[in-house]
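Trainee: Handing you this structure, nothing more for now.
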Amino acid sequence: MHADMVLINIGEVVTPPGPGPRRGRAQAELRRIPDAVIAIRQGQVTWVGPRTAWEGKATAEVDVGAAAVVPGLVDPHTHAIWAGDRLNDFEARAQGVSYEAILAAGGGIYQTIRHTAGASVETLVALARPRLERLLRSGVTTVEVKSGYGLTPEGEIAMLRAAARLQDEVPMTVVPTLLIHVPPREGREAYVEEVVTSLIPKVAREKLAVAVDVFVEQEAFTVAEAERILRSAQRHGLACKLHADQFHVLGGVELGVRLGALSVDHLEASGEAQWRALAESQTVATVLPGVTLHLGGTPANGRALVDAGAAVAVATDLNPGSSPLFSAQMALALAVRLNGLTPAEALTAATANAAIALGFQDRGWIGPGSRADILVLNARDWRELPYALGADDLIQAVYVAGQPVWSRE
Ligand code: NIG
Ligand code: FE
């Protein structure tokens with residue numbers, strides 16, 4: 001076997017054993033290969049196993065100095081494109097004003113819309129690029145980026161064009177999602193009509209997004225409105241996602257399950273019925289511990305979801321209002337503290353299951369046929385990854401499709 005490159009002297013490779021979704025107990029099952037070699041050809045892993053069993057040849061060899069190696073992280077939920085800031089919200093909330101009260105009064109997400117909707121694509125790209133670079137340094141090799149601060153069709157399309165431009169400027173895969181985030185303060189019926197009959201068809205036609213997401217909440221959209229929007233998405237060949245059960249259980253989870261959504265995200269308010277519905281579905285349950293850290297409140301019960309048999313993913317939800325979390329490694333580590341996942345479950349949540357939440361089978365694991373998205377840790381034991389909080393030197397090198405795209409030196 002001839003490889004383009006081999007990573008040698010790997011202290012341990014730790015990975016979900018194959019593509020997701022890994023649900024229930026299986027979420028904790030990792031493949032661990034001590035003293036390992038990974039062979040890569042044309043951007044894909046062709047072989048992984050113990051050094052003593054490697055018999056192939058390679059054009060290039062990279063000695064990783066006994067480091068632990070894990071799959072590149074997938075961040076399946078971000079709002080990385082925004083203009084302005086939410087520092088006033090941050091201060092107000094610290095003085096006791098709630099996120100929902102700010103939103104209901106026309107601030108919060110609406111404030112970010114006021115700053116973002118008029119910005120040029122160039123400005124949006126320039127603002128978002130350093131945020132994605134931070135995520136890259138935290139180990140992200142595939143990232144979802146939502147629109148949702150444009151509000152008008154033109155504003156949403158500008159955000160999606162910015163996402164497309166960002167793909168040319170950062171090495172990780174950028175997956176664009178059209179987010180129908182909050183209704184205009186007046187004329188919501190006409191707005192939903194325009195989204196369904198004009199915006200979604202145009203986005204699909206111009207291939208500006210691969211999925212449509214709707215925020216179901218008291219201050220956002222009803223289940224009936226979300227269903228109309230997402231059925232239009234499906235008719236146009238786009239996948240579905242939902243922000244559901246963040247503050248109130250309104251039926252967003254059940255809608256997502258009914259529509260076969262790729263994922264439903266948030267789930268802080270979900271209970272037994274929603275955990276069971278997700279466990280019996282193909283839909284990934286994505287938890288967002290950065291929101292709990294930033295806003296307070298009850299975390300999504302990742303433990304109950306896994307125990308019920310669901311496939312759980314974790315994301316940063318990077319956004320200015322509810323989760324200014326610029327590290328997918330930290331999201332993974334917080335999923336252990338806040339959502340009750342074990343370290344092994346959290347690794348699967350941030351890799352194989354997060355990949356499925358974006359529709360990818362070929363990443364989030366390391367094995368023959370996987371895309372060679374690889375993190376070399378600045379550690380010999382992979383558990384430093386879910387363990388460390390605030391360490392910015394934990395990742396030694398990031399490979400995307402076999403290419404070294406970032407390293408600490
Ligand atoms: O995922 N909850 C709705 N949307 C985002 C927050 C967006 C914002 O506050 O700007 C979220 O939490
Ligand atoms: Fe979000």
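FYI, nothing fancy with the structure tokens labels: chains A, B, ... in order, residues from 1 per chain, ligands from 1 as they appear.
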Show me which residues sit within 7 Å of ligand 2 when counting only C-alpha atoms and all ligand atoms, and put them as a list in words.
Mentor: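 Those within range of ligand 2 are His77, Thr78, His79, His243 and Asp317 of chain A.
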Trainee: Using only C-alpha atoms and all ligand atoms, determine which residues fall within 9 Å of ligand 1, then list them as a JSON list (two decimals) with C-alpha atoms, in the first residue's frame.
Mentor:
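What ended up in out_33.json:
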[["chain", "number", "residue", "atom", "x", "y", "z"],
["A", 77, "HIS", "CA", -24.46, 24.92, 14.95],
["A", 78, "THR", "CA", -23.03, 28.43, 14.77],
["A", 79, "HIS", "CA", -24.22, 31.93, 13.99],
["A", 82, "TRP", "CA", -22.99, 39.02, 12.75],
["A", 86, "ARG", "CA", -24.55, 42.52, 22.44],
["A", 99, "TYR", "CA", -32.84, 37.07, 27.59],
["A", 103, "LEU", "CA", -36.04, 39.85, 22.92],
["A", 108, "GLY", "CA", -31.47, 40.96, 21.56],
["A", 109, "ILE", "CA", -31.67, 39.20, 18.20],
["A", 110, "TYR", "CA", -33.49, 42.26, 16.77],
["A", 111, "GLN", "CA", -30.59, 44.47, 17.82],
["A", 112, "THR", "CA", -28.15, 42.23, 15.97],
["A", 113, "ILE", "CA", -30.47, 42.29, 12.94],
["A", 148, "GLY", "CA", -30.75, 34.61, 10.53],
["A", 149, "TYR", "CA", -29.69, 38.19, 11.23],
["A", 181, "HIS", "CA", -34.88, 33.27, 13.14],
["A", 182, "VAL", "CA", -37.51, 35.78, 14.31],
["A", 215, "PHE", "CA", -36.44, 29.06, 15.80],
["A", 216, "VAL", "CA", -39.63, 27.81, 17.51],
["A", 217, "GLU", "CA", -40.23, 29.84, 20.65],
["A", 220, "ALA", "CA", -40.11, 33.60, 17.53],
["A", 243, "HIS", "CA", -34.06, 25.55, 17.42],
["A", 244, "ALA", "CA", -36.53, 23.95, 19.83],
["A", 246, "GLN", "CA", -34.91, 26.52, 24.51],
["A", 247, "PHE", "CA", -37.29, 28.09, 27.04],
["A", 265, "ASP", "CA", -30.99, 21.91, 18.88],
["A", 266, "HIS", "CA", -31.16, 23.48, 22.38],
["A", 288, "LEU", "CA", -25.46, 23.78, 23.40],
["A", 291, "VAL", "CA", -25.87, 28.90, 26.14],
["A", 317, "ASP", "CA", -23.83, 27.82, 19.03],
["A", 318, "LEU", "CA", -21.32, 30.65, 18.58],
["A", 319, "ASN", "CA", -23.40, 33.85, 18.49],
["A", 320, "PRO", "CA", -23.26, 37.28, 20.15],
["A", 321, "GLY", "CA", -26.38, 36.96, 22.32],
["A", 322, "SER", "CA", -26.66, 33.55, 23.91],
["A", 323, "SER", "CA", -23.27, 31.87, 23.42]]
Trainee: Which residues are close to region 57-64 of chain A, i.e. within 10 Å by only C-alpha atoms, leaving aside same-chain residues fewer than 3 positions away? Reply as a VMD selection string.
Mentor: chain A and resid 1 to 11 37 to 41 54 67 to 69 376 to 378 396 to 397
Trainee: Please return as a PyMOL selection string: the residues of region 144-316 of chain A that backbone DSSP assigns to strand (DSSP E or B).
Mentor: chain A and resi 144-146+173-180+211-216+221+239-244+263-266+284-287+312-314
Trainee: Can you write just those residues out, C-alpha atoms, as a compact mmCIF listing (two decimals), in the first residue's frame?
Mentor:
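Result saved to selection_9.txt:
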# COMPACT_ATOMS: atom_id res chain seq x y z
CA GLU A 144 -22.04 25.04 10.11
CA VAL A 145 -22.79 28.75 9.66
CA LYS A 146 -26.35 30.03 9.83
CA THR A 173 -15.58 22.99 5.42
CA VAL A 174 -18.25 25.67 5.86
CA VAL A 175 -21.84 24.40 5.72
CA PRO A 176 -24.38 27.20 5.13
CA THR A 177 -27.87 27.03 6.67
CA LEU A 178 -30.74 29.45 6.06
CA LEU A 179 -32.09 30.35 9.50
CA ILE A 180 -35.59 31.82 9.76
CA ALA A 211 -30.58 23.24 5.15
CA VAL A 212 -33.28 25.48 6.60
CA ASP A 213 -33.56 26.05 10.35
CA VAL A 214 -36.46 27.69 12.24
CA PHE A 215 -36.44 29.06 15.80
CA VAL A 216 -39.63 27.81 17.51
CA PHE A 221 -42.16 31.20 15.35
CA ALA A 239 -32.69 19.51 4.86
CA CYS A 240 -34.46 20.66 8.04
CA LYS A 241 -33.21 21.78 11.43
CA LEU A 242 -34.89 23.42 14.41
CA HIS A 243 -34.06 25.55 17.42
CA ALA A 244 -36.53 23.95 19.83
CA SER A 263 -31.15 17.74 14.17
CA VAL A 264 -33.13 19.62 16.78
CA ASP A 265 -30.99 21.91 18.88
CA HIS A 266 -31.16 23.48 22.38
CA VAL A 284 -29.80 14.10 16.20
CA ALA A 285 -30.29 15.89 19.56
CA THR A 286 -27.80 18.77 19.68
CA VAL A 287 -26.95 20.30 23.05
CA VAL A 312 -26.48 13.44 21.01
CA ALA A 313 -24.25 16.04 19.37
CA VAL A 314 -22.65 19.14 20.87
Trainee: Please return as a PyMOL selection string: the residues of region 121-366 of chain A that backbone DSSP assigns to alpha helix (DSSP H).
Mentor: chain A and resi 121-137+153-167+188-194+200-205+223-235+252-259+272-279+289-295+302-308+328-338+343-350+352-356
Trainee: Give me the residues near Gln274 (chain A) as an NGL selection string, where near means some atom within 7 Å (using only C-alpha atoms) and where sequence neighbours in that chain fewer than 4 positions away do not count.
Mentor: :A and (253 or 270 or 278)
Trainee: Of the candidates A:Ala28, A:Glu280, A:Ser232, A:Leu208, which shows the shortest atom-to-atom distance to Ala158 (chain A), using only C-alpha atoms?
Mentor: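 The shortest atom-to-atom distance to Ala158 (chain A) comes from A:Leu208.
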Trainee: Hey, can you check how far CA of Val398 (chain A) sits from CA of Ala311 (chain A)?
Mentor: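 Straight-line distance from CA of Val398 (chain A) to CA of Ala311 (chain A) works out to 25.8 Å.
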Trainee: Using only C-alpha atoms, which residues of region 354-407 of chain A come within 10 Å of region 326-329 of chain A, and what is the closest atom pair for each, with the distance in Å to one decimal? Give it as CSV, sorted by chain and residue number.
Mentor:
residue,atom,partner,partner_atom,distance
A:Leu385,CA,A:Gln329,CA,6.6
A:Pro386,CA,A:Gln329,CA,7.1
A:Tyr387,CA,A:Gln329,CA,9.5
A:Ala388,CA,A:Gln329,CA,8.6
A:Leu389,CA,A:Gln329,CA,8.6
A:Gly390,CA,A:Ser327,CA,9.0
A:Ala391,CA,A:Gln329,CA,9.5
A:Asp392,CA,A:Ser327,CA,9.3
A:Leu394,CA,A:Gln329,CA,9.0
A:Ile395,CA,A:Gln329,CA,9.3
Trainee: Counting only C-alpha atoms, which of A:Ala349, A:Ala355, A:Ala163, A:Val121 gets nearest to Ser370 (chain A)?
Mentor: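 The closest residue to Ser370 (chain A) is A:Ala355.
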Trainee: Interatomic distance between CA of Gln27 (chain A) and CA of Glu345 (chain A)?
Mentor: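 Here the two named atoms are 5.2 Å from each other.
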Trainee: Which of these, A:Glu227, A:Glu12, A:Arg383, A:Asn301, has the shortest distance to Pro343 (chain A) once you count only C-alpha atoms?
Mentor: A:Arg383
Trainee: Out of A:Gly139, A:Pro130, A:Gly155, A:Gly297, which residue has the shortest atom-to-atom distance to His115 (chain A) when counting only C-alpha atoms?
Mentor: A:Gly155
